[in-house]
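Okay, protein.cif now, which holds mmCIF, C-alpha atoms, pLDDT in the B column; chains and numbers go by the auth columns:
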```cif
data_data
loop_
_atom_site.group_PDB
_atom_site.id
_atom_site.type_symbol
_atom_site.label_atom_id
_atom_site.label_comp_id
_atom_site.label_asym_id
_atom_site.label_seq_id
_atom_site.Cartn_x
_atom_site.Cartn_y
_atom_site.Cartn_z
_atom_site.B_iso_or_equiv
_atom_site.auth_seq_id
_atom_site.auth_asym_id
ATOM 1 C CA MET A 1 33.909 -174.943 117.759 54.00 1 A
ATOM 2 C CA ILE A 2 33.048 -172.236 115.179 53.00 2 A
ATOM 3 C CA ARG A 3 31.176 -174.762 113.066 62.00 3 A
ATOM 4 C CA ARG A 4 29.159 -175.909 116.094 62.00 4 A
ATOM 5 C CA LEU A 5 28.263 -172.308 116.935 52.00 5 A
ATOM 6 C CA ILE A 6 27.174 -171.596 113.368 53.00 6 A
ATOM 7 C CA HIS A 7 25.104 -174.776 113.337 62.00 7 A
ATOM 8 C CA SER A 8 23.357 -173.811 116.594 59.00 8 A
ATOM 9 C CA PHE A 9 22.624 -170.287 115.336 52.00 9 A
ATOM 10 C CA LEU A 10 21.301 -171.433 111.980 58.00 10 A
ATOM 11 C CA THR A 11 19.189 -174.133 113.617 61.00 11 A
ATOM 12 C CA LEU A 12 17.440 -171.547 115.774 55.00 12 A
ATOM 13 C CA PHE A 13 17.406 -168.523 113.501 53.00 13 A
ATOM 14 C CA SER A 14 18.010 -169.611 109.920 51.00 14 A
ATOM 15 C CA PHE A 15 15.267 -167.243 108.747 48.00 15 A
ATOM 16 C CA HIS A 16 16.729 -164.144 110.424 49.00 16 A
ATOM 17 C CA GLN A 17 19.124 -161.572 108.959 47.00 17 A
ATOM 18 C CA PRO A 18 21.356 -160.267 111.789 49.00 18 A
ATOM 19 C CA LEU A 19 23.327 -157.016 111.672 47.00 19 A
ATOM 20 C CA LEU A 20 26.271 -156.878 114.086 51.00 20 A
ATOM 21 C CA PHE A 21 28.103 -153.605 114.786 72.00 21 A
ATOM 22 C CA GLN A 22 28.476 -150.736 117.230 90.00 22 A
ATOM 23 C CA SER A 23 25.520 -148.381 117.539 93.00 23 A
ATOM 24 C CA PRO A 24 26.751 -145.638 115.157 92.00 24 A
ATOM 25 C CA ASN A 25 27.664 -148.251 112.515 91.00 25 A
ATOM 26 C CA LEU A 26 24.275 -149.906 112.723 92.00 26 A
ATOM 27 C CA LEU A 27 22.407 -146.606 112.553 93.00 27 A
ATOM 28 C CA TRP A 28 24.396 -145.564 109.492 91.00 28 A
ATOM 29 C CA ARG A 29 23.603 -148.824 107.744 90.00 29 A
ATOM 30 C CA LEU A 30 19.898 -148.520 108.522 89.00 30 A
ATOM 31 C CA GLN A 31 19.891 -145.011 107.083 89.00 31 A
ATOM 32 C CA ASN A 32 21.865 -145.986 103.993 89.00 32 A
ATOM 33 C CA ASN A 33 19.657 -148.473 102.212 80.00 33 A
ATOM 34 C CA GLU A 34 20.328 -151.652 104.198 81.00 34 A
ATOM 35 C CA MET A 35 16.793 -151.632 105.513 80.00 35 A
ATOM 36 C CA PRO A 36 13.799 -150.808 103.315 72.00 36 A
ATOM 37 C CA ASP A 37 11.087 -148.542 104.661 65.00 37 A
ATOM 38 C CA GLU A 38 7.401 -148.088 103.921 60.00 38 A
ATOM 39 C CA TYR A 39 8.227 -145.710 101.066 58.00 39 A
ATOM 40 C CA THR A 40 10.636 -148.036 99.230 60.00 40 A
ATOM 41 C CA ASP A 41 9.060 -151.394 100.063 64.00 41 A
ATOM 42 C CA SER A 42 5.644 -151.432 101.684 63.00 42 A
ATOM 43 C CA SER A 43 5.793 -155.232 101.976 68.00 43 A
ATOM 44 C CA PHE A 44 8.648 -155.056 104.488 75.00 44 A
ATOM 45 C CA GLU A 45 6.863 -155.262 107.825 83.00 45 A
ATOM 46 C CA PRO A 46 8.341 -158.003 110.032 87.00 46 A
ATOM 47 C CA ALA A 47 6.317 -158.983 113.071 88.00 47 A
ATOM 48 C CA VAL A 48 9.381 -158.592 115.293 92.00 48 A
ATOM 49 C CA ILE A 49 12.715 -156.812 114.996 93.00 49 A
ATOM 50 C CA TRP A 50 15.130 -158.157 117.617 94.00 50 A
ATOM 51 C CA LEU A 51 17.820 -155.618 118.505 96.00 51 A
ATOM 52 C CA THR A 52 21.074 -156.662 120.173 94.00 52 A
ATOM 53 C CA ILE A 53 23.578 -153.814 120.294 95.00 53 A
ATOM 54 C CA GLY A 54 25.704 -151.880 122.776 95.00 54 A
ATOM 55 C CA SER A 55 28.278 -154.333 124.092 94.00 55 A
ATOM 56 C CA GLN A 56 31.040 -153.100 121.809 92.00 56 A
ATOM 57 C CA ASP A 57 30.192 -149.477 122.548 93.00 57 A
ATOM 58 C CA ILE A 58 31.040 -150.156 126.194 93.00 58 A
ATOM 59 C CA GLY A 59 33.788 -152.759 125.884 89.00 59 A
ATOM 60 C CA LEU A 60 35.589 -151.679 122.717 86.00 60 A
ATOM 61 C CA THR A 61 35.349 -147.898 122.606 86.00 61 A
ATOM 62 C CA SER A 62 34.618 -147.266 126.314 88.00 62 A
ATOM 63 C CA CYS A 63 31.634 -145.031 125.634 92.00 63 A
ATOM 64 C CA ALA A 64 29.907 -143.512 128.648 94.00 64 A
ATOM 65 C CA PRO A 65 26.589 -145.210 129.546 96.00 65 A
ATOM 66 C CA GLU A 66 24.680 -142.033 128.658 96.00 66 A
ATOM 67 C CA LEU A 67 26.052 -142.101 125.113 96.00 67 A
ATOM 68 C CA VAL A 68 25.342 -145.811 124.721 97.00 68 A
ATOM 69 C CA ILE A 69 21.731 -145.265 125.786 97.00 69 A
ATOM 70 C CA ILE A 70 21.299 -142.396 123.318 97.00 70 A
ATOM 71 C CA GLY A 71 22.794 -144.488 120.527 96.00 71 A
ATOM 72 C CA ILE A 72 20.549 -147.494 121.142 97.00 72 A
ATOM 73 C CA LEU A 73 17.379 -145.428 121.515 97.00 73 A
ATOM 74 C CA ARG A 74 18.176 -143.576 118.312 97.00 74 A
ATOM 75 C CA ILE A 75 18.326 -146.936 116.514 96.00 75 A
ATOM 76 C CA VAL A 76 15.007 -148.004 118.033 97.00 76 A
ATOM 77 C CA GLU A 77 13.338 -144.793 116.908 96.00 77 A
ATOM 78 C CA GLU A 78 14.746 -145.285 113.423 94.00 78 A
ATOM 79 C CA LEU A 79 13.271 -148.789 113.304 93.00 79 A
ATOM 80 C CA LEU A 80 9.895 -147.529 114.502 93.00 80 A
ATOM 81 C CA MET A 81 9.934 -144.756 111.931 90.00 81 A
ATOM 82 C CA ARG A 82 10.605 -147.217 109.110 88.00 82 A
ATOM 83 C CA THR A 83 7.809 -149.599 110.112 88.00 83 A
ATOM 84 C CA THR A 84 4.179 -149.205 111.106 89.00 84 A
ATOM 85 C CA THR A 85 3.283 -152.412 112.968 88.00 85 A
ATOM 86 C CA SER A 86 6.567 -154.182 113.753 90.00 86 A
ATOM 87 C CA ASN A 87 7.431 -154.812 117.397 93.00 87 A
ATOM 88 C CA VAL A 88 10.988 -153.906 118.386 95.00 88 A
ATOM 89 C CA ILE A 89 12.514 -156.085 121.108 96.00 89 A
ATOM 90 C CA ILE A 90 15.552 -154.584 122.812 97.00 90 A
ATOM 91 C CA ASN A 91 17.827 -157.335 124.093 97.00 91 A
ATOM 92 C CA GLY A 92 19.608 -156.175 127.235 97.00 92 A
ATOM 93 C CA ILE A 93 23.382 -155.954 126.844 97.00 93 A
ATOM 94 C CA LEU A 94 24.864 -159.301 127.833 96.00 94 A
ATOM 95 C CA PRO A 95 27.422 -159.474 130.650 96.00 95 A
ATOM 96 C CA ARG A 96 31.103 -159.303 129.784 94.00 96 A
ATOM 97 C CA THR A 97 34.349 -158.787 131.648 93.00 97 A
ATOM 98 C CA PHE A 98 38.090 -158.536 131.060 91.00 98 A
ATOM 99 C CA ASN A 99 38.682 -160.422 134.297 91.00 99 A
ATOM 100 C CA ARG A 100 40.278 -163.748 133.401 89.00 100 A
ATOM 101 C CA GLU A 101 38.265 -165.609 136.031 92.00 101 A
ATOM 102 C CA GLY A 102 34.956 -164.227 134.831 94.00 102 A
ATOM 103 C CA PHE A 103 34.064 -161.971 137.776 94.00 103 A
ATOM 104 C CA VAL A 104 32.027 -159.091 136.374 93.00 104 A
ATOM 105 C CA ASN A 105 32.618 -156.718 139.287 92.00 105 A
ATOM 106 C CA LYS A 106 36.392 -156.991 139.038 87.00 106 A
ATOM 107 C CA GLY A 107 38.728 -155.488 136.493 78.00 107 A
ATOM 108 C CA GLY A 108 41.420 -157.346 134.612 74.00 108 A
ATOM 109 C CA LEU A 109 43.924 -157.265 131.815 66.00 109 A
ATOM 110 C CA LEU A 110 42.738 -155.847 128.520 58.00 110 A
ATOM 111 C CA ASN A 111 42.584 -158.725 126.037 49.00 111 A
ATOM 112 C CA PRO A 112 45.580 -160.571 127.532 44.00 112 A
ATOM 113 C CA SER A 113 45.269 -163.614 125.281 43.00 113 A
ATOM 114 C CA SER A 114 45.346 -161.537 122.116 39.00 114 A
ATOM 115 C CA ILE A 115 48.867 -160.313 122.868 32.00 115 A
ATOM 116 C CA GLY A 116 50.258 -163.514 124.318 36.00 116 A
ATOM 117 C CA ILE A 117 50.496 -162.688 128.012 38.00 117 A
ATOM 118 C CA PRO A 118 51.240 -165.871 129.988 40.00 118 A
ATOM 119 C CA THR A 119 48.916 -167.068 132.728 39.00 119 A
ATOM 120 C CA GLY A 120 49.675 -165.568 136.110 40.00 120 A
ATOM 121 C CA ILE A 121 50.831 -162.141 134.961 37.00 121 A
ATOM 122 C CA GLY A 122 48.514 -159.263 135.622 39.00 122 A
ATOM 123 C CA THR A 123 45.766 -158.402 138.057 39.00 123 A
ATOM 124 C CA ASN A 124 42.350 -159.921 138.467 41.00 124 A
ATOM 125 C CA ASP A 125 40.852 -157.050 140.384 42.00 125 A
ATOM 126 C CA GLY A 126 42.260 -154.006 138.621 39.00 126 A
ATOM 127 C CA SER A 127 44.207 -152.918 141.713 38.00 127 A
ATOM 128 C CA SER A 128 47.715 -151.459 141.776 37.00 128 A
ATOM 129 C CA GLY A 129 50.604 -153.866 142.053 36.00 129 A
ATOM 130 C CA ASN A 130 54.376 -154.187 141.967 32.00 130 A
ATOM 131 C CA ALA A 131 57.155 -156.014 140.143 31.00 131 A
ATOM 132 C CA ALA A 132 57.568 -158.607 142.865 31.00 132 A
ATOM 133 C CA SER A 133 53.991 -159.817 142.578 28.00 133 A
ATOM 134 C CA GLY A 134 53.754 -159.518 138.802 30.00 134 A
ATOM 135 C CA VAL A 135 50.738 -157.219 139.116 32.00 135 A
ATOM 136 C CA PHE A 136 50.572 -153.940 137.211 33.00 136 A
ATOM 137 C CA ASN A 137 48.210 -151.006 136.958 40.00 137 A
ATOM 138 C CA THR A 138 49.686 -149.506 133.783 40.00 138 A
ATOM 139 C CA ALA A 139 51.044 -150.812 130.536 43.00 139 A
ATOM 140 C CA GLY A 140 54.471 -152.380 130.989 43.00 140 A
ATOM 141 C CA SER A 141 56.368 -155.242 132.599 44.00 141 A
ATOM 142 C CA THR A 142 59.370 -155.819 134.835 45.00 142 A
ATOM 143 C CA ASP A 143 61.747 -155.974 131.860 46.00 143 A
ATOM 144 C CA GLY A 144 60.430 -152.839 130.219 45.00 144 A
ATOM 145 C CA THR A 145 58.374 -154.549 127.525 45.00 145 A
ATOM 146 C CA THR A 146 54.746 -153.615 126.976 43.00 146 A
ATOM 147 C CA VAL A 147 52.143 -156.110 128.144 45.00 147 A
ATOM 148 C CA ALA A 148 48.715 -154.636 128.866 50.00 148 A
ATOM 149 C CA SER A 149 46.868 -152.217 131.093 54.00 149 A
ATOM 150 C CA THR A 150 44.332 -153.193 133.709 62.00 150 A
ATOM 151 C CA THR A 151 40.741 -152.195 133.152 71.00 151 A
ATOM 152 C CA LYS A 152 37.777 -151.374 135.318 76.00 152 A
ATOM 153 C CA SER A 153 34.686 -153.532 135.577 87.00 153 A
ATOM 154 C CA LEU A 154 32.209 -153.077 132.716 93.00 154 A
ATOM 155 C CA TRP A 155 29.266 -154.518 134.613 94.00 155 A
ATOM 156 C CA GLN A 156 28.170 -151.325 136.340 93.00 156 A
ATOM 157 C CA ASP A 157 27.905 -149.481 133.024 95.00 157 A
ATOM 158 C CA ILE A 158 26.029 -152.403 131.460 96.00 158 A
ATOM 159 C CA GLN A 159 23.511 -152.389 134.314 96.00 159 A
ATOM 160 C CA VAL A 160 22.955 -148.624 134.001 96.00 160 A
ATOM 161 C CA VAL A 161 22.260 -148.944 130.277 97.00 161 A
ATOM 162 C CA ASN A 162 19.972 -151.951 130.678 97.00 162 A
ATOM 163 C CA GLU A 163 17.869 -150.322 133.400 97.00 163 A
ATOM 164 C CA GLU A 164 17.279 -147.265 131.217 97.00 164 A
ATOM 165 C CA LEU A 165 16.394 -149.425 128.215 97.00 165 A
ATOM 166 C CA LYS A 166 13.932 -151.404 130.319 96.00 166 A
ATOM 167 C CA LEU A 167 12.272 -148.226 131.579 96.00 167 A
ATOM 168 C CA TYR A 168 12.059 -146.794 128.062 97.00 168 A
ATOM 169 C CA ALA A 169 10.498 -149.985 126.683 96.00 169 A
ATOM 170 C CA ARG A 170 7.852 -150.057 129.406 95.00 170 A
ATOM 171 C CA TYR A 171 6.295 -146.834 128.135 93.00 171 A
ATOM 172 C CA ARG A 172 7.123 -146.883 124.413 95.00 172 A
ATOM 173 C CA HIS A 173 4.528 -148.196 122.010 93.00 173 A
ATOM 174 C CA ARG A 174 5.663 -151.234 119.967 93.00 174 A
ATOM 175 C CA VAL A 175 8.784 -151.682 122.078 95.00 175 A
ATOM 176 C CA SER A 176 9.592 -154.393 124.634 94.00 176 A
ATOM 177 C CA TYR A 177 12.674 -155.308 126.636 97.00 177 A
ATOM 178 C CA PHE A 178 14.241 -158.745 127.013 96.00 178 A
ATOM 179 C CA ASP A 179 16.862 -159.680 129.612 95.00 179 A
ATOM 180 C CA HIS A 180 18.568 -163.049 129.809 93.00 180 A
ATOM 181 C CA ASN A 181 21.586 -162.079 131.898 94.00 181 A
ATOM 182 C CA LYS A 182 20.790 -163.928 135.113 93.00 182 A
ATOM 183 C CA LYS A 183 20.880 -167.239 133.252 94.00 183 A
ATOM 184 C CA LEU A 184 24.494 -166.621 132.211 96.00 184 A
ATOM 185 C CA PHE A 185 25.891 -166.396 135.747 96.00 185 A
ATOM 186 C CA GLU A 186 27.058 -169.293 137.870 94.00 186 A
ATOM 187 C CA ASP A 187 24.998 -167.968 140.764 92.00 187 A
ATOM 188 C CA ALA A 188 22.635 -165.130 139.879 86.00 188 A
ATOM 189 C CA LYS A 189 22.076 -164.455 143.587 89.00 189 A
ATOM 190 C CA ALA A 190 25.761 -163.759 144.203 91.00 190 A
ATOM 191 C CA THR A 191 26.592 -160.175 145.086 86.00 191 A
ATOM 192 C CA GLY A 192 29.553 -157.875 144.810 87.00 192 A
ATOM 193 C CA LYS A 193 32.799 -159.355 143.591 89.00 193 A
ATOM 194 C CA ASP A 194 31.435 -162.912 143.793 93.00 194 A
ATOM 195 C CA LEU A 195 29.205 -162.489 140.724 95.00 195 A
ATOM 196 C CA ARG A 196 30.794 -164.610 137.998 95.00 196 A
ATOM 197 C CA ILE A 197 29.891 -165.485 134.404 96.00 197 A
ATOM 198 C CA ASP A 198 29.420 -169.216 133.900 96.00 198 A
ATOM 199 C CA PRO A 199 32.186 -170.389 131.519 95.00 199 A
ATOM 200 C CA LYS A 200 29.820 -173.029 130.145 95.00 200 A
ATOM 201 C CA TYR A 201 27.934 -170.215 128.469 96.00 201 A
ATOM 202 C CA MET A 202 30.747 -167.691 127.906 95.00 202 A
ATOM 203 C CA GLU A 203 34.125 -169.363 127.880 94.00 203 A
ATOM 204 C CA ASP A 204 36.034 -166.135 127.229 92.00 204 A
ATOM 205 C CA TYR A 205 33.512 -164.133 129.323 92.00 205 A
ATOM 206 C CA PHE A 206 32.386 -162.195 126.266 91.00 206 A
ATOM 207 C CA HIS A 207 31.334 -164.470 123.385 92.00 207 A
ATOM 208 C CA LEU A 208 28.639 -167.075 123.875 94.00 208 A
ATOM 209 C CA THR A 209 29.618 -170.725 123.582 94.00 209 A
ATOM 210 C CA GLN A 210 27.498 -173.285 121.783 93.00 210 A
ATOM 211 C CA LYS A 211 25.624 -173.988 125.027 94.00 211 A
ATOM 212 C CA GLY A 212 25.263 -170.255 125.570 94.00 212 A
ATOM 213 C CA TYR A 213 23.702 -169.755 122.158 93.00 213 A
ATOM 214 C CA GLN A 214 21.432 -172.744 122.652 93.00 214 A
ATOM 215 C CA GLN A 215 20.168 -171.439 125.985 93.00 215 A
ATOM 216 C CA TRP A 216 19.790 -167.852 124.812 94.00 216 A
ATOM 217 C CA GLY A 217 18.238 -168.931 121.521 92.00 217 A
ATOM 218 C CA ALA A 218 15.710 -171.162 123.256 92.00 218 A
ATOM 219 C CA ALA A 219 14.651 -168.255 125.478 93.00 219 A
ATOM 220 C CA ILE A 220 14.307 -165.982 122.444 92.00 220 A
ATOM 221 C CA SER A 221 12.259 -168.599 120.600 90.00 221 A
ATOM 222 C CA LYS A 222 10.000 -168.930 123.618 89.00 222 A
ATOM 223 C CA ARG A 223 9.434 -165.177 123.680 89.00 223 A
ATOM 224 C CA LEU A 224 8.773 -165.057 119.941 88.00 224 A
ATOM 225 C CA GLU A 225 6.253 -167.851 120.351 84.00 225 A
ATOM 226 C CA LYS A 226 4.506 -165.804 122.994 81.00 226 A
ATOM 227 C CA LEU A 227 4.644 -162.632 120.949 79.00 227 A
ATOM 228 C CA ILE A 228 3.752 -163.910 117.489 77.00 228 A
ATOM 229 C CA VAL A 229 1.974 -167.253 117.739 63.00 229 A
ATOM 230 C CA LEU A 230 0.010 -167.444 120.977 57.00 230 A
ATOM 231 C CA PRO A 231 -2.035 -164.224 120.611 53.00 231 A
ATOM 232 C CA TYR A 232 -3.407 -165.432 117.278 53.00 232 A
ATOM 233 C CA ARG A 233 -3.795 -169.143 117.953 52.00 233 A
ATOM 234 C CA ASN A 234 -7.341 -170.523 117.724 51.00 234 A
ATOM 235 C CA MET A 235 -8.897 -167.099 117.265 51.00 235 A
ATOM 236 C CA PRO A 236 -11.872 -166.607 114.925 53.00 236 A
ATOM 237 C CA GLU A 237 -11.019 -164.908 111.668 55.00 237 A
ATOM 238 C CA GLY A 238 -11.239 -161.144 111.811 52.00 238 A
ATOM 239 C CA LEU A 239 -10.556 -160.875 115.549 49.00 239 A
ATOM 240 C CA THR A 240 -7.361 -159.648 117.172 49.00 240 A
ATOM 241 C CA PRO A 241 -5.835 -160.538 120.535 48.00 241 A
ATOM 242 C CA LYS A 242 -6.883 -158.581 123.572 48.00 242 A
ATOM 243 C CA LYS A 243 -4.393 -155.894 124.390 46.00 243 A
ATOM 244 C CA GLU A 244 -3.450 -154.683 127.825 45.00 244 A
ATOM 245 C CA LYS A 245 -2.626 -151.205 128.998 47.00 245 A
ATOM 246 C CA LYS A 246 1.095 -150.615 128.836 50.00 246 A
ATOM 247 C CA SER A 247 1.511 -147.165 130.275 44.00 247 A
ATOM 248 C CA GLU A 248 -0.138 -144.490 132.324 43.00 248 A
ATOM 249 C CA GLU A 249 -0.751 -142.583 129.096 42.00 249 A
ATOM 250 C CA ASN A 250 -3.112 -145.344 127.916 39.00 250 A
ATOM 251 C CA GLN A 251 -0.831 -146.604 125.156 38.00 251 A
ATOM 252 C CA GLU A 252 -1.922 -150.090 124.211 37.00 252 A
ATOM 253 C CA ASP A 253 0.620 -152.758 123.442 40.00 253 A
ATOM 254 C CA PHE A 254 1.728 -156.241 124.405 40.00 254 A
ATOM 255 C CA TYR A 255 4.097 -156.124 127.373 39.00 255 A
ATOM 256 C CA PHE A 256 6.278 -159.133 127.989 42.00 256 A
ATOM 257 C CA GLY A 257 8.707 -157.996 130.674 44.00 257 A
ATOM 258 C CA ASP A 258 11.979 -159.878 130.480 45.00 258 A
ATOM 259 C CA ASP A 259 13.190 -163.447 130.539 51.00 259 A
ATOM 260 C CA ASN A 260 14.041 -163.316 134.237 47.00 260 A
ATOM 261 C CA GLU A 261 10.646 -161.936 135.264 46.00 261 A
ATOM 262 C CA GLU A 262 8.918 -164.782 133.496 43.00 262 A
ATOM 263 C CA ASP A 263 10.913 -167.445 135.314 40.00 263 A
ATOM 264 C CA ASN A 264 10.969 -165.671 138.658 36.00 264 A
ATOM 265 C CA PRO A 265 7.598 -163.994 139.225 33.00 265 A
#
```

Rendering of file as structure tokens:
Amino acid sequence: MIRRLIHSFLTLFSFHQPLLFQSPNLLWRLQNNEMPDEYTDSSFEPAVIWLTIGSQDIGLTSCAPELVIIGILRIVEELLMRTTTSNVIINGILPRTFNREGFVNKGGLLNPSSIGIPTGIGTNDGSSGNAASGVFNTAGSTDGTTVASTTKSLWQDIQVVNEELKLYARYRHRVSYFDHNKKLFEDAKATGKDLRIDPKYMEDYFHLTQKGYQQWGAAISKRLEKLIVLPYRNMPEGLTPKKEKKSEENQEDFYFGDDNEEDNP
């Protein structure tokens, strides 16, 4: 499976150089010579910088949404400071859950597979339980051995962060927001505890599968085509694409909304 995933990624983005970490790690790397700026390399001016960060801040270190937002926006500002014309696209944090059935509004065991917990032990909704039912709300088991602790849903925090990022991008020059999350659910119209990640796209409800990468990558490629190619296609030399007003403060920029807005006007 790993080889298929690598093949799909390289097929879509063989010319890209991804950096994958939590927000503080990524910021540190940007500030410590892993990204040239206009003073060290004036030729480094990519048309688009695609930023995907934040999931591990929420799911791995349990950062509060406010801190995740600050961390991501600090990275965006760093990227803008180091470039003069590049467009920064903030990819909304993808859905994830510890629930073993993929329901994003329910809690679940924390990484049960990584510590060998057999199927059937633990809670799918994060509620309290007892020894008779095999459901627990704290670390431990009926025989005194440690298993895992139940966790809350991550989806609410992800939504809070994404809404703030979308609002920020709407009014920030050279910044746009991209959201593909609805495409990763079995039924995007489901509400409450019925909202479930489609295992075809996220088998472990965190990492994308080959089909997930193909679908996400195709949507990204479509947006890049719209952002980079279409505005300049068939235009006389010396002219630039018409820009539209992006904010009430008369900042001019290309605004592309998100993937869901495009498909569901």

Spatial neighbours of Val161 in chain A, 9 Å, only C-alpha atoms, chain gap at least 4 places, as a list of chain:residue names
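Contacts, with the query itself left out: A:Gly54, A:Pro65, A:Glu66, A:Val68, A:Ile69, A:Gly92, A:Ile93, A:Gln156, A:Asp157, A:Leu165, A:Lys166.
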
Store the residues picked out above, limited to C-alpha atoms, as a PDB file, keeping the file's coordinate frame.
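Done, and the output landed in result.pdb:
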```pdb
ATOM      1  CA  GLY A  54      25.704-151.880 122.776  1.00 95.00           C
ATOM      2  CA  PRO A  65      26.589-145.210 129.546  1.00 96.00           C
ATOM      3  CA  GLU A  66      24.680-142.033 128.658  1.00 96.00           C
ATOM      4  CA  VAL A  68      25.342-145.811 124.721  1.00 97.00           C
ATOM      5  CA  ILE A  69      21.731-145.265 125.786  1.00 97.00           C
ATOM      6  CA  GLY A  92      19.608-156.175 127.235  1.00 97.00           C
ATOM      7  CA  ILE A  93      23.382-155.954 126.844  1.00 97.00           C
ATOM      8  CA  GLN A 156      28.170-151.325 136.340  1.00 93.00           C
ATOM      9  CA  ASP A 157      27.905-149.481 133.024  1.00 95.00           C
ATOM     10  CA  LEU A 165      16.394-149.425 128.215  1.00 97.00           C
ATOM     11  CA  LYS A 166      13.932-151.404 130.319  1.00 96.00           C
TER      12      LYS A 166
END
```

Name the residues that the PyMOL selection byres ((chain A and resi 189-194) around 7) picks from the file above, as a list in words, using the file's chain letters and numbers.
Phe103, Asn105, Lys106, Asp187, Ala188, Leu195 and Arg196 of chain A

Which residues come within 8 Å of Phe21 in chain A, counting all atoms listed in the file, excluding same-chain residues fewer than 2 positions away, as a PyMOL selection string?
chain A and resi 19+23+25-26+53+56

Write a file of the selected residues as a CSV table (one decimal), keeping the file's coordinate frame, keeping C-alpha atoms.
```
chain,number,residue,atom,x,y,z
A,19,LEU,CA,23.3,-157.0,111.7
A,23,SER,CA,25.5,-148.4,117.5
A,25,ASN,CA,27.7,-148.3,112.5
A,26,LEU,CA,24.3,-149.9,112.7
A,53,ILE,CA,23.6,-153.8,120.3
A,56,GLN,CA,31.0,-153.1,121.8
```

Just give me the gap between CA of Leu224 in chain A and CA of Glu164 in chain A in Å, one decimal is fine.
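Separation between CA of Leu224 in chain A and CA of Glu164 in chain A: 22.7 Å.
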
For Phe185 in chain A, the nearest of the candidates A:Thr84, A:Leu167, A:Lys200, A:Arg172, counting all atoms listed in the file
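Once distances to Phe185 in chain A are computed over all atoms listed in the file, the minimum belongs to A:Lys200.
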
Near-Leu27 in chain A list (8 Å; only C-alpha atoms; drop same-chain fewer than 2 positions) as a PDB file with C-alpha atoms, in the frame of the given file:
```
ATOM      1  CA  SER A  23      25.520-148.381 117.539  1.00 93.00           C
ATOM      2  CA  PRO A  24      26.751-145.638 115.157  1.00 92.00           C
ATOM      3  CA  ASN A  25      27.664-148.251 112.515  1.00 91.00           C
ATOM      4  CA  ARG A  29      23.603-148.824 107.744  1.00 90.00           C
ATOM      5  CA  LEU A  30      19.898-148.520 108.522  1.00 89.00           C
ATOM      6  CA  GLN A  31      19.891-145.011 107.083  1.00 89.00           C
ATOM      7  CA  ARG A  74      18.176-143.576 118.312  1.00 97.00           C
ATOM      8  CA  ILE A  75      18.326-146.936 116.514  1.00 96.00           C
ATOM      9  CA  GLU A  78      14.746-145.285 113.423  1.00 94.00           C
TER      10      GLU A  78
END
```

Measuring atom to atom with all atoms listed in the file, identify which of A:Val76, A:Met35, A:Val88, A:Ile158 is nearest to Ala47 in chain A.
A:Val88

List the spatial neighbours of Tyr201 in chain A as a short mmCIF file (atom, residue, chain, number, x, y, z; two decimals) with C-alpha atoms, keeping the file's coordinate frame - criterion: any atom at most 8 Å away, all atoms listed in the file, same-chain residues fewer than 3 positions off excluded.
```cif
data_model
loop_
_atom_site.label_atom_id
_atom_site.label_comp_id
_atom_site.auth_asym_id
_atom_site.auth_seq_id
_atom_site.Cartn_x
_atom_site.Cartn_y
_atom_site.Cartn_z
CA LEU A 184 24.49 -166.62 132.21
CA ILE A 197 29.89 -165.48 134.40
CA ASP A 198 29.42 -169.22 133.90
CA LEU A 208 28.64 -167.08 123.88
CA THR A 209 29.62 -170.72 123.58
CA GLN A 210 27.50 -173.28 121.78
CA LYS A 211 25.62 -173.99 125.03
CA GLY A 212 25.26 -170.26 125.57
CA TYR A 213 23.70 -169.76 122.16
#
```

In Å and to one decimal, CA of Pro36 in chain A is distant from CA of Cys63 in chain A by 29.1 Å

For the provided coordinates, the residues matched by the PyMOL selection byres ((chain A and resi 177) around 8) should be stated as a tab-separated table (two decimals) with C-alpha atoms, keeping the file's coordinate frame.
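That gives us result27.tsv:
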```
chain	number	residue	atom	x	y	z
A	89	ILE	CA	12.51	-156.08	121.11
A	90	ILE	CA	15.55	-154.58	122.81
A	91	ASN	CA	17.83	-157.34	124.09
A	92	GLY	CA	19.61	-156.18	127.24
A	165	LEU	CA	16.39	-149.43	128.22
A	166	LYS	CA	13.93	-151.40	130.32
A	169	ALA	CA	10.50	-149.99	126.68
A	170	ARG	CA	7.85	-150.06	129.41
A	175	VAL	CA	8.78	-151.68	122.08
A	176	SER	CA	9.59	-154.39	124.63
A	178	PHE	CA	14.24	-158.74	127.01
A	179	ASP	CA	16.86	-159.68	129.61
A	256	PHE	CA	6.28	-159.13	127.99
A	257	GLY	CA	8.71	-158.00	130.67
A	258	ASP	CA	11.98	-159.88	130.48
```

Distance criterion (all atoms listed in the file): nearest to Gln214 in chain A out of A:Ile228, A:Asn162, A:Thr52, A:Lys183
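Of A:Ile228, A:Asn162, A:Thr52, A:Lys183, the one nearest Gln214 in chain A, counting all atoms listed in the file, is A:Lys183.
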
Could you tell me how far CA of Glu45 in chain A lies from CA of Thr85 in chain A, in Å and to one decimal?
6.9 Å
